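Have a look at target22.cif below; it lists mmCIF, C-alpha atoms.
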```cif
data_query
#
loop_
_atom_site.label_atom_id
_atom_site.label_comp_id
_atom_site.auth_asym_id
_atom_site.auth_seq_id
_atom_site.Cartn_x
_atom_site.Cartn_y
_atom_site.Cartn_z
CA MET A 1 -25.83 -188.06 -45.31
CA LYS A 2 -23.57 -187.68 -42.28
CA LYS A 3 -22.20 -184.37 -43.63
CA LEU A 4 -25.72 -183.06 -44.14
CA LEU A 5 -26.64 -183.96 -40.57
CA ILE A 6 -23.54 -182.22 -39.23
CA ALA A 7 -24.33 -179.16 -41.31
CA LEU A 8 -27.91 -179.08 -40.00
CA VAL A 9 -26.63 -179.22 -36.43
CA MET A 10 -24.23 -176.38 -37.17
CA MET A 11 -27.03 -174.35 -38.70
CA GLY A 12 -29.14 -174.95 -35.59
CA ALA A 13 -26.27 -173.77 -33.40
CA ALA A 14 -25.91 -170.66 -35.52
CA SER A 15 -29.61 -169.86 -35.18
CA THR A 16 -29.40 -169.72 -31.36
CA MET A 17 -26.54 -167.20 -31.27
CA ASN A 18 -26.76 -163.47 -30.90
CA ALA A 19 -27.13 -161.78 -34.26
CA GLN A 20 -23.62 -160.31 -34.08
CA GLU A 21 -22.06 -163.75 -33.81
CA VAL A 22 -23.44 -165.60 -36.84
CA PHE A 23 -21.12 -164.15 -39.48
CA ASN A 24 -18.00 -164.59 -37.34
CA TYR A 25 -19.01 -168.10 -36.25
CA LEU A 26 -19.58 -169.33 -39.80
CA LEU A 27 -16.42 -167.66 -41.10
CA ASP A 28 -14.29 -169.04 -38.27
CA LYS A 29 -15.72 -172.56 -38.65
CA SER A 30 -15.16 -172.53 -42.41
CA GLU A 31 -11.61 -171.19 -42.06
CA LYS A 32 -10.76 -173.95 -39.58
CA ILE A 33 -11.90 -176.60 -42.06
CA VAL A 34 -9.98 -174.95 -44.91
CA ASN A 35 -6.84 -174.90 -42.75
CA ASN A 36 -7.25 -178.50 -41.59
CA PRO A 37 -4.80 -180.69 -43.54
CA LYS A 38 -7.03 -183.72 -42.86
CA ALA A 39 -10.15 -182.15 -44.39
CA SER A 40 -11.72 -184.09 -47.25
CA ASP A 41 -11.70 -182.61 -50.75
CA PHE A 42 -15.44 -182.02 -50.45
CA ASP A 43 -15.18 -180.21 -47.11
CA LEU A 44 -12.20 -178.21 -48.30
CA LYS A 45 -13.88 -176.98 -51.48
CA VAL A 46 -17.26 -176.22 -49.92
CA ASN A 47 -15.67 -174.32 -47.06
CA GLN A 48 -13.27 -172.46 -49.35
CA PHE A 49 -16.35 -171.21 -51.17
CA LYS A 50 -17.94 -170.17 -47.87
CA VAL A 51 -14.80 -168.30 -46.76
CA THR A 52 -14.54 -166.52 -50.10
CA ALA A 53 -18.24 -165.62 -50.23
CA LEU A 54 -18.31 -164.46 -46.61
CA ARG A 55 -15.20 -162.30 -46.98
CA TYR A 56 -16.67 -160.81 -50.14
CA ILE A 57 -19.66 -159.34 -48.28
CA PRO A 58 -17.87 -156.80 -46.06
CA THR A 59 -14.86 -156.23 -48.33
CA THR A 60 -16.94 -155.31 -51.36
CA GLY A 61 -19.49 -153.52 -49.16
CA ILE A 62 -16.75 -151.20 -47.93
CA LYS A 63 -15.59 -150.49 -51.50
CA MET A 64 -19.04 -149.97 -52.98
CA LYS A 65 -21.17 -148.67 -50.13
CA GLY A 66 -18.72 -147.44 -47.53
CA GLY A 67 -19.52 -150.39 -45.28
CA VAL A 68 -22.21 -152.81 -44.19
CA SER A 69 -23.82 -153.40 -40.82
CA THR A 70 -23.06 -156.37 -38.62
CA GLU A 71 -26.72 -157.34 -38.73
CA PHE A 72 -26.66 -157.32 -42.54
CA MET A 73 -23.56 -159.56 -42.60
CA ASP A 74 -25.18 -161.95 -40.13
CA VAL A 75 -28.38 -162.24 -42.19
CA GLN A 76 -26.34 -162.84 -45.33
CA ALA A 77 -24.14 -165.46 -43.62
CA TYR A 78 -27.10 -167.31 -42.15
CA SER A 79 -28.96 -167.23 -45.47
CA MET A 80 -25.88 -168.42 -47.38
CA ASN A 81 -25.51 -171.36 -45.02
CA ALA A 82 -29.21 -172.24 -45.35
CA PHE A 83 -28.96 -171.90 -49.16
CA ILE A 84 -26.01 -174.28 -49.35
CA LEU A 85 -27.70 -176.79 -47.04
CA SER A 86 -30.84 -176.61 -49.17
CA TYR A 87 -28.73 -177.18 -52.28
CA PHE A 88 -27.06 -180.33 -50.99
CA LYS A 89 -30.34 -181.67 -49.62
CA ALA A 90 -31.99 -181.07 -53.00
CA LEU A 91 -29.14 -182.87 -54.77
CA GLN A 92 -29.47 -185.85 -52.45
CA THR A 93 -33.22 -186.14 -53.01
CA THR A 94 -33.26 -185.46 -56.75
CA PRO A 95 -33.04 -188.46 -59.09
CA GLU A 96 -29.87 -188.49 -61.18
CA ALA A 97 -31.77 -187.59 -64.35
CA GLY A 98 -32.93 -184.31 -62.80
CA ARG A 99 -29.72 -183.23 -61.05
CA LYS A 100 -28.49 -180.93 -63.82
CA ASP A 101 -31.77 -178.99 -63.70
CA CYS A 102 -31.55 -178.90 -59.90
CA ILE A 103 -28.02 -177.48 -60.02
CA MET A 104 -29.02 -174.90 -62.62
CA ARG A 105 -31.96 -173.68 -60.47
CA TYR A 106 -29.55 -172.90 -57.64
CA VAL A 107 -26.94 -171.35 -59.94
CA LYS A 108 -29.67 -169.19 -61.48
CA ALA A 109 -30.84 -168.06 -58.03
CA THR A 110 -27.34 -166.83 -57.20
CA ARG A 111 -26.90 -165.07 -60.53
CA GLU A 112 -30.29 -163.39 -60.47
CA ASN A 113 -29.91 -162.00 -56.95
CA PRO A 114 -26.73 -159.93 -56.89
CA LEU A 115 -25.72 -158.17 -53.70
CA TYR A 116 -23.67 -155.40 -55.30
CA GLU A 117 -23.32 -153.83 -58.72
CA ASP A 118 -19.97 -155.53 -59.15
CA LYS A 119 -18.72 -155.62 -62.74
CA ASP A 120 -15.83 -158.01 -62.00
CA ILE A 121 -17.64 -161.05 -63.41
CA GLU A 122 -14.43 -163.09 -63.70
CA ASN A 123 -13.96 -162.88 -59.93
CA THR A 124 -17.59 -163.17 -58.85
CA GLU A 125 -18.29 -166.13 -61.16
CA ALA A 126 -15.05 -168.03 -60.48
CA PHE A 127 -16.81 -170.82 -58.59
CA VAL A 128 -19.53 -171.12 -61.25
CA ASN A 129 -16.84 -171.86 -63.81
CA ASP A 130 -14.88 -174.32 -61.62
CA PRO A 131 -15.45 -177.78 -63.11
CA GLY A 132 -14.14 -179.52 -59.98
CA GLY A 133 -16.15 -177.50 -57.49
CA TYR A 134 -19.14 -178.55 -55.43
CA THR A 135 -20.63 -175.06 -55.05
CA PRO A 136 -21.08 -173.61 -58.54
CA PHE A 137 -22.36 -170.27 -57.34
CA SER A 138 -21.55 -166.63 -57.78
CA ILE A 139 -20.10 -164.92 -54.72
CA ASN A 140 -21.92 -161.66 -55.50
CA VAL A 141 -25.20 -162.85 -54.04
CA ASN A 142 -27.89 -161.43 -51.86
CA TRP A 143 -28.21 -164.75 -50.06
CA GLU A 144 -31.44 -163.81 -48.34
CA ASN A 145 -33.10 -163.14 -51.71
CA ALA A 146 -31.55 -166.20 -53.38
CA LEU A 147 -32.81 -168.42 -50.56
CA ALA A 148 -36.27 -166.87 -50.83
CA ALA A 149 -36.24 -167.52 -54.59
CA ILE A 150 -35.42 -171.20 -54.05
CA GLU A 151 -37.94 -171.58 -51.24
CA GLY A 152 -40.58 -169.88 -53.41
CA GLU A 153 -40.04 -172.54 -56.10
CA LYS A 154 -40.71 -175.30 -53.58
CA LYS A 155 -44.18 -174.04 -52.68
#
```
Structure rendered as structure tokens:
Amino acid sequence: MKKLLIALVMMGAASTMNAQEVFNYLLDKSEKIVNNPKASDFDLKVNQFKVTALRYIPTTGIKMKGGVSTEFMDVQAYSMNAFILSYFKALQTTPEAGRKDCIMRYVKATRENPLYEDKDIENTEAFVNDPGGYTPFSINVNWENALAAIEGEKK
């Protein structure tokens, strides 16, 4: 519960920044946790996912589209953070018997909302296939659309 509260505070801080700062803030914060030798296994793995997914957005955007705007990266970063927070909140509030279905709803949302036409499934699905991971999501995700899909299910 403490980690969720910290994450909500961080998300609130990110929402008050200038648009150009969200992507860099979230990437920097996640990299610091990944590079912290005292980070818990949970924090390390979740933030490694965030770093990988965030770096994927501009790197693949340059390869496939010639680049992406700062505003686009910020919207994707903010939406990814909100998606992950929603995921962990849903897991905490879902009875154990329904957790597998809960996880699969979020995995499905990431798979059904690709950001790019990337054919490198082995790379983009690496976290989905990681049995020890806490974020079983594709990295090729339009996070804004995936978040909207999840939020649409809740209504």
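With distances taken over all atoms listed in the file, A:Ile150 is the one residue among A:Ile150, A:Leu85, A:Met80, A:Ile139 lying closest to Arg105 (chain A).
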Using the chain letters and numbers from the file, give me the residues hit by the PyMOL selection byres ((chain A and resi 42-59) around 8), as a compact mmCIF listing (two decimals) with C-alpha atoms, in the coordinates of the input.
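Written file, result08.txt:
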```txt
# COMPACT_ATOMS: atom_id res chain seq x y z
CA PHE A 23 -21.12 -164.15 -39.48
CA LEU A 27 -16.42 -167.66 -41.10
CA SER A 30 -15.16 -172.53 -42.41
CA GLU A 31 -11.61 -171.19 -42.06
CA ILE A 33 -11.90 -176.60 -42.06
CA VAL A 34 -9.98 -174.95 -44.91
CA ALA A 39 -10.15 -182.15 -44.39
CA SER A 40 -11.72 -184.09 -47.25
CA ASP A 41 -11.70 -182.61 -50.75
CA THR A 60 -16.94 -155.31 -51.36
CA GLY A 61 -19.49 -153.52 -49.16
CA ILE A 62 -16.75 -151.20 -47.93
CA LYS A 63 -15.59 -150.49 -51.50
CA GLY A 67 -19.52 -150.39 -45.28
CA VAL A 68 -22.21 -152.81 -44.19
CA MET A 73 -23.56 -159.56 -42.60
CA ALA A 77 -24.14 -165.46 -43.62
CA PHE A 127 -16.81 -170.82 -58.59
CA GLY A 133 -16.15 -177.50 -57.49
CA TYR A 134 -19.14 -178.55 -55.43
CA THR A 135 -20.63 -175.06 -55.05
CA ILE A 139 -20.10 -164.92 -54.72
CA ASN A 140 -21.92 -161.66 -55.50
```
Written as a VMD selection string, what is the full residue list that the PyMOL selection byres ((chain A and resi 138) around 12) yields on the file shown?
chain A and resid 49 to 50 52 to 54 56 80 106 to 116 118 120 to 130 135 to 137 139 to 143 146
Store the residues picked out above, limited to C-alpha atoms, as a PDB file, keeping the file's coordinate frame.
```
ATOM      1  CA  PHE A  49     -16.350-171.210 -51.170  1.00  0.00           C
ATOM      2  CA  LYS A  50     -17.940-170.170 -47.870  1.00  0.00           C
ATOM      3  CA  THR A  52     -14.540-166.520 -50.100  1.00  0.00           C
ATOM      4  CA  ALA A  53     -18.240-165.620 -50.230  1.00  0.00           C
ATOM      5  CA  LEU A  54     -18.310-164.460 -46.610  1.00  0.00           C
ATOM      6  CA  TYR A  56     -16.670-160.810 -50.140  1.00  0.00           C
ATOM      7  CA  MET A  80     -25.880-168.420 -47.380  1.00  0.00           C
ATOM      8  CA  TYR A 106     -29.550-172.900 -57.640  1.00  0.00           C
ATOM      9  CA  VAL A 107     -26.940-171.350 -59.940  1.00  0.00           C
ATOM     10  CA  LYS A 108     -29.670-169.190 -61.480  1.00  0.00           C
ATOM     11  CA  ALA A 109     -30.840-168.060 -58.030  1.00  0.00           C
ATOM     12  CA  THR A 110     -27.340-166.830 -57.200  1.00  0.00           C
ATOM     13  CA  ARG A 111     -26.900-165.070 -60.530  1.00  0.00           C
ATOM     14  CA  GLU A 112     -30.290-163.390 -60.470  1.00  0.00           C
ATOM     15  CA  ASN A 113     -29.910-162.000 -56.950  1.00  0.00           C
ATOM     16  CA  PRO A 114     -26.730-159.930 -56.890  1.00  0.00           C
ATOM     17  CA  LEU A 115     -25.720-158.170 -53.700  1.00  0.00           C
ATOM     18  CA  TYR A 116     -23.670-155.400 -55.300  1.00  0.00           C
ATOM     19  CA  ASP A 118     -19.970-155.530 -59.150  1.00  0.00           C
ATOM     20  CA  ASP A 120     -15.830-158.010 -62.000  1.00  0.00           C
ATOM     21  CA  ILE A 121     -17.640-161.050 -63.410  1.00  0.00           C
ATOM     22  CA  GLU A 122     -14.430-163.090 -63.700  1.00  0.00           C
ATOM     23  CA  ASN A 123     -13.960-162.880 -59.930  1.00  0.00           C
ATOM     24  CA  THR A 124     -17.590-163.170 -58.850  1.00  0.00           C
ATOM     25  CA  GLU A 125     -18.290-166.130 -61.160  1.00  0.00           C
ATOM     26  CA  ALA A 126     -15.050-168.030 -60.480  1.00  0.00           C
ATOM     27  CA  PHE A 127     -16.810-170.820 -58.590  1.00  0.00           C
ATOM     28  CA  VAL A 128     -19.530-171.120 -61.250  1.00  0.00           C
ATOM     29  CA  ASN A 129     -16.840-171.860 -63.810  1.00  0.00           C
ATOM     30  CA  ASP A 130     -14.880-174.320 -61.620  1.00  0.00           C
ATOM     31  CA  THR A 135     -20.630-175.060 -55.050  1.00  0.00           C
ATOM     32  CA  PRO A 136     -21.080-173.610 -58.540  1.00  0.00           C
ATOM     33  CA  PHE A 137     -22.360-170.270 -57.340  1.00  0.00           C
ATOM     34  CA  ILE A 139     -20.100-164.920 -54.720  1.00  0.00           C
ATOM     35  CA  ASN A 140     -21.920-161.660 -55.500  1.00  0.00           C
ATOM     36  CA  VAL A 141     -25.200-162.850 -54.040  1.00  0.00           C
ATOM     37  CA  ASN A 142     -27.890-161.430 -51.860  1.00  0.00           C
ATOM     38  CA  TRP A 143     -28.210-164.750 -50.060  1.00  0.00           C
ATOM     39  CA  ALA A 146     -31.550-166.200 -53.380  1.00  0.00           C
TER      40      ALA A 146
END
```
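Considering the residues A:Tyr78, A:Pro37, A:Glu117, A:Lys89 and counting all atoms listed in the file, Met64 (chain A) has its shortest atom-to-atom contact with A:Glu117.
The interatomic distance for the pair CA of Ser79 (chain A) and CA of Leu147 (chain A) works out to 6.5 Å.
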